[in-house]
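Single-structure report; data block below.
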Amino acid sequence: RRVGPIATLRDIVRDEPSLAAAVRKMYTGLGWAAARDGVGLGCWLVAFHAGEREARRRGCGDSSSVALGGACAGAAFWIAALPLDAVKT
C-alpha cells in the first residue's frame with residue numbers, strides 16, 4: 001500500500017464522521033507547532049541581534065558579525081524550541 005500526503009488526507013476524510021471533524025483532525029498539533037516556533041523565533045531574533053552587536057563591538061567585519069549572530073540565533077532557537085518540539089512529537 002502506498003502512503004503519502006494525499007492517501008493520508010483521503011483516509012482522514014473517509015474515517016471521520018463529518019468534514020468539520022476531518023478538518024480539525026488535519027490541524028491536530030498546530031497549536032504546539034505555533035508555540036514552539038513562536039518561542040523559538042523570539043529567542044532567535046534576540047540572540048541574532050545580541051550576537052551581531054557583540055561581534056561588531058569587538059571589531060569583527062560585516063560578514064563575520066552576521067555569521068556569529070546567525071550561529072547564536074540558531075543555537076538559541078533550538079535551545080528554546082526543543083522541549084516544546086519533544087512535547088509536540
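For the C-alpha cells, the naming scheme is as follows: chains receive sequential letters (A, B, ...) according to their order of presentation, residues are indexed from 1 within each chain, and ligands are indexed from 1 in presentation order.
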What's the 8 Å shell around range 82-87 of chain A, counting only C-alpha atoms, without same-chain residues fewer than 6 positions away, as a ChimeraX atom specification?
/A:32-33,35-36
Given only C-alpha atoms, how would the per-residue table for range 4-56 of chain A near range 65-72 of chain A read, listing every residue at most 7 Å away with its closest atom pair and distance in Å to one decimal, sorted by chain and number, as a Markdown table?
| residue | atom | partner | partner_atom | distance |
| --- | --- | --- | --- | --- |
| A:Ala47 | CA | A:Cys72 | CA | 5.7 |
| A:Phe48 | CA | A:Gly69 | CA | 4.3 |
| A:His49 | CA | A:Gly69 | CA | 6.4 |
| A:Gly51 | CA | A:Gly69 | CA | 4.2 |
| A:Glu52 | CA | A:Gly69 | CA | 4.3 |
| A:Ala55 | CA | A:Ser65 | CA | 5.0 |
| A:Arg56 | CA | A:Ser65 | CA | 5.9 |
Output of the above residues as an mmCIF file, in the first residue's frame, restricted to all heavy atoms:
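The resulting file, result.cif, is reproduced below:
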data_model
loop_
_atom_site.group_PDB
_atom_site.id
_atom_site.type_symbol
_atom_site.label_atom_id
_atom_site.label_comp_id
_atom_site.auth_asym_id
_atom_site.auth_seq_id
_atom_site.Cartn_x
_atom_site.Cartn_y
_atom_site.Cartn_z
ATOM 1 N N ALA A 47 18.788 36.652 20.072
ATOM 2 C CA ALA A 47 20.155 36.135 20.026
ATOM 3 C C ALA A 47 20.904 36.631 18.796
ATOM 4 O O ALA A 47 22.100 36.928 18.866
ATOM 5 C CB ALA A 47 20.142 34.609 20.060
ATOM 6 N N PHE A 48 20.218 36.726 17.660
ATOM 7 C CA PHE A 48 20.877 37.198 16.446
ATOM 8 C C PHE A 48 21.391 38.618 16.634
ATOM 9 O O PHE A 48 22.550 38.917 16.361
ATOM 10 C CB PHE A 48 19.934 37.143 15.243
ATOM 11 C CG PHE A 48 20.569 37.677 13.991
ATOM 12 C CD1 PHE A 48 21.418 36.884 13.243
ATOM 13 C CD2 PHE A 48 20.328 38.972 13.576
ATOM 14 C CE1 PHE A 48 22.025 37.374 12.097
ATOM 15 C CE2 PHE A 48 20.928 39.481 12.436
ATOM 16 C CZ PHE A 48 21.777 38.680 11.685
ATOM 17 N N HIS A 49 20.516 39.482 17.111
ATOM 18 C CA HIS A 49 20.920 40.881 17.277
ATOM 19 C C HIS A 49 21.981 41.046 18.368
ATOM 20 O O HIS A 49 22.913 41.837 18.217
ATOM 21 C CB HIS A 49 19.712 41.767 17.531
ATOM 22 C CG HIS A 49 18.875 41.938 16.304
ATOM 23 N ND1 HIS A 49 19.319 42.627 15.202
ATOM 24 C CD2 HIS A 49 17.642 41.494 15.992
ATOM 25 C CE1 HIS A 49 18.393 42.597 14.263
ATOM 26 N NE2 HIS A 49 17.362 41.909 14.718
ATOM 27 N N GLY A 51 24.240 38.733 19.324
ATOM 28 C CA GLY A 51 25.494 38.188 18.813
ATOM 29 C C GLY A 51 26.135 39.097 17.777
ATOM 30 O O GLY A 51 27.356 39.315 17.786
ATOM 31 N N GLU A 52 25.308 39.629 16.884
ATOM 32 C CA GLU A 52 25.832 40.533 15.857
ATOM 33 C C GLU A 52 26.396 41.814 16.485
ATOM 34 O O GLU A 52 27.488 42.269 16.132
ATOM 35 C CB GLU A 52 24.721 40.874 14.866
ATOM 36 C CG GLU A 52 25.195 41.716 13.713
ATOM 37 C CD GLU A 52 24.067 42.099 12.782
ATOM 38 O OE1 GLU A 52 22.906 42.226 13.242
ATOM 39 O OE2 GLU A 52 24.355 42.294 11.599
ATOM 40 N N ALA A 55 29.706 41.086 18.232
ATOM 41 C CA ALA A 55 30.790 40.884 17.261
ATOM 42 C C ALA A 55 31.254 42.226 16.694
ATOM 43 O O ALA A 55 32.456 42.465 16.542
ATOM 44 C CB ALA A 55 30.321 39.964 16.141
ATOM 45 N N ARG A 56 30.324 43.105 16.392
ATOM 46 C CA ARG A 56 30.696 44.428 15.881
ATOM 47 C C ARG A 56 31.458 45.222 16.946
ATOM 48 O O ARG A 56 32.411 45.930 16.646
ATOM 49 C CB ARG A 56 29.468 45.201 15.432
ATOM 50 C CG ARG A 56 28.881 44.682 14.148
ATOM 51 C CD ARG A 56 27.730 45.571 13.696
ATOM 52 N NE ARG A 56 26.924 44.917 12.703
ATOM 53 C CZ ARG A 56 27.219 44.865 11.404
ATOM 54 N NH1 ARG A 56 28.317 45.432 10.965
ATOM 55 N NH2 ARG A 56 26.422 44.251 10.562
#
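Distance-wise, CA of Leu41 in chain A and CA of Ala80 in chain A end up 8.9 Å apart.
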Hey, what's within 10 Å of Gly42 in chain A if we count only C-alpha atoms and toss same-chain stuff fewer than 6 positions away? As a PyMOL selection string, please?
chain A and resi 73+76-77+80
Taken to one decimal, the CA of Ala75 in chain A-CA of Ser63 in chain A distance is 18.5 Å
Could you please write out, as a PDB file with C-alpha atoms, in the first residue's frame, every residue of range 5-70 of chain A that DSSP assigns to helix (DSSP H, G or I)?
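So result.pdb came out as:
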ATOM      1  CA  PRO A   5       0.028  13.031   1.930  1.00  0.00           C
ATOM      2  CA  ILE A   6      -2.873  12.508  -0.495  1.00  0.00           C
ATOM      3  CA  ALA A   7      -3.550   8.965   0.750  1.00  0.00           C
ATOM      4  CA  THR A   8      -3.405  10.182   4.351  1.00  0.00           C
ATOM      5  CA  LEU A   9      -5.815  13.015   3.570  1.00  0.00           C
ATOM      6  CA  ARG A  10      -8.168  10.584   1.854  1.00  0.00           C
ATOM      7  CA  ASP A  11      -8.064   8.241   4.893  1.00  0.00           C
ATOM      8  CA  ILE A  12      -8.789  11.077   7.320  1.00  0.00           C
ATOM      9  CA  VAL A  13     -11.775  12.309   5.306  1.00  0.00           C
ATOM     10  CA  ARG A  14     -13.103   8.748   4.910  1.00  0.00           C
ATOM     11  CA  ASP A  15     -12.717   7.815   8.603  1.00  0.00           C
ATOM     12  CA  LEU A  19     -15.994  17.143   7.077  1.00  0.00           C
ATOM     13  CA  ALA A  20     -15.585  19.511  10.039  1.00  0.00           C
ATOM     14  CA  ALA A  21     -14.132  16.680  12.156  1.00  0.00           C
ATOM     15  CA  ALA A  22     -11.775  15.770   9.302  1.00  0.00           C
ATOM     16  CA  VAL A  23     -10.543  19.360   9.018  1.00  0.00           C
ATOM     17  CA  ARG A  24      -9.997  19.519  12.797  1.00  0.00           C
ATOM     18  CA  LYS A  25      -8.009  16.287  12.690  1.00  0.00           C
ATOM     19  CA  MET A  26      -5.808  17.583   9.847  1.00  0.00           C
ATOM     20  CA  LEU A  30      -0.844  23.077  15.012  1.00  0.00           C
ATOM     21  CA  GLY A  31      -1.097  24.843  18.377  1.00  0.00           C
ATOM     22  CA  TRP A  32       2.043  23.137  19.696  1.00  0.00           C
ATOM     23  CA  ALA A  33       3.902  23.876  16.471  1.00  0.00           C
ATOM     24  CA  ALA A  34       2.914  27.548  16.684  1.00  0.00           C
ATOM     25  CA  ALA A  35       4.004  27.694  20.340  1.00  0.00           C
ATOM     26  CA  ARG A  36       7.331  26.045  19.516  1.00  0.00           C
ATOM     27  CA  ASP A  37       8.022  28.366  16.606  1.00  0.00           C
ATOM     28  CA  GLY A  38       6.804  31.485  18.395  1.00  0.00           C
ATOM     29  CA  VAL A  39       9.081  30.923  21.386  1.00  0.00           C
ATOM     30  CA  GLY A  40      11.952  29.759  19.199  1.00  0.00           C
ATOM     31  CA  LEU A  41      11.748  32.662  16.768  1.00  0.00           C
ATOM     32  CA  GLY A  42      11.545  35.186  19.592  1.00  0.00           C
ATOM     33  CA  CYS A  43      14.753  33.744  21.041  1.00  0.00           C
ATOM     34  CA  TRP A  44      16.278  33.619  17.550  1.00  0.00           C
ATOM     35  CA  LEU A  45      15.670  37.323  16.995  1.00  0.00           C
ATOM     36  CA  VAL A  46      17.087  38.395  20.357  1.00  0.00           C
ATOM     37  CA  ALA A  47      20.155  36.135  20.026  1.00  0.00           C
ATOM     38  CA  PHE A  48      20.877  37.198  16.446  1.00  0.00           C
ATOM     39  CA  HIS A  49      20.920  40.881  17.277  1.00  0.00           C
ATOM     40  CA  ALA A  50      22.865  40.368  20.510  1.00  0.00           C
ATOM     41  CA  GLY A  51      25.494  38.188  18.813  1.00  0.00           C
ATOM     42  CA  GLU A  52      25.832  40.533  15.857  1.00  0.00           C
ATOM     43  CA  ARG A  53      26.122  43.601  18.096  1.00  0.00           C
ATOM     44  CA  GLU A  54      28.740  41.926  20.308  1.00  0.00           C
ATOM     45  CA  ALA A  55      30.790  40.884  17.261  1.00  0.00           C
ATOM     46  CA  ARG A  56      30.696  44.428  15.881  1.00  0.00           C
ATOM     47  CA  ARG A  57      31.685  45.805  19.288  1.00  0.00           C
ATOM     48  CA  ASP A  62      30.099  42.752   8.464  1.00  0.00           C
ATOM     49  CA  SER A  63      30.219  39.148   7.241  1.00  0.00           C
ATOM     50  CA  SER A  64      31.781  37.826  10.421  1.00  0.00           C
ATOM     51  CA  SER A  65      29.334  39.617  12.672  1.00  0.00           C
ATOM     52  CA  VAL A  66      26.352  38.337  10.688  1.00  0.00           C
ATOM     53  CA  ALA A  67      27.769  34.796  10.780  1.00  0.00           C
ATOM     54  CA  LEU A  68      28.302  34.975  14.538  1.00  0.00           C
ATOM     55  CA  GLY A  69      24.835  36.406  15.039  1.00  0.00           C
ATOM     56  CA  GLY A  70      23.393  33.589  12.930  1.00  0.00           C
TER      57      GLY A  70
END
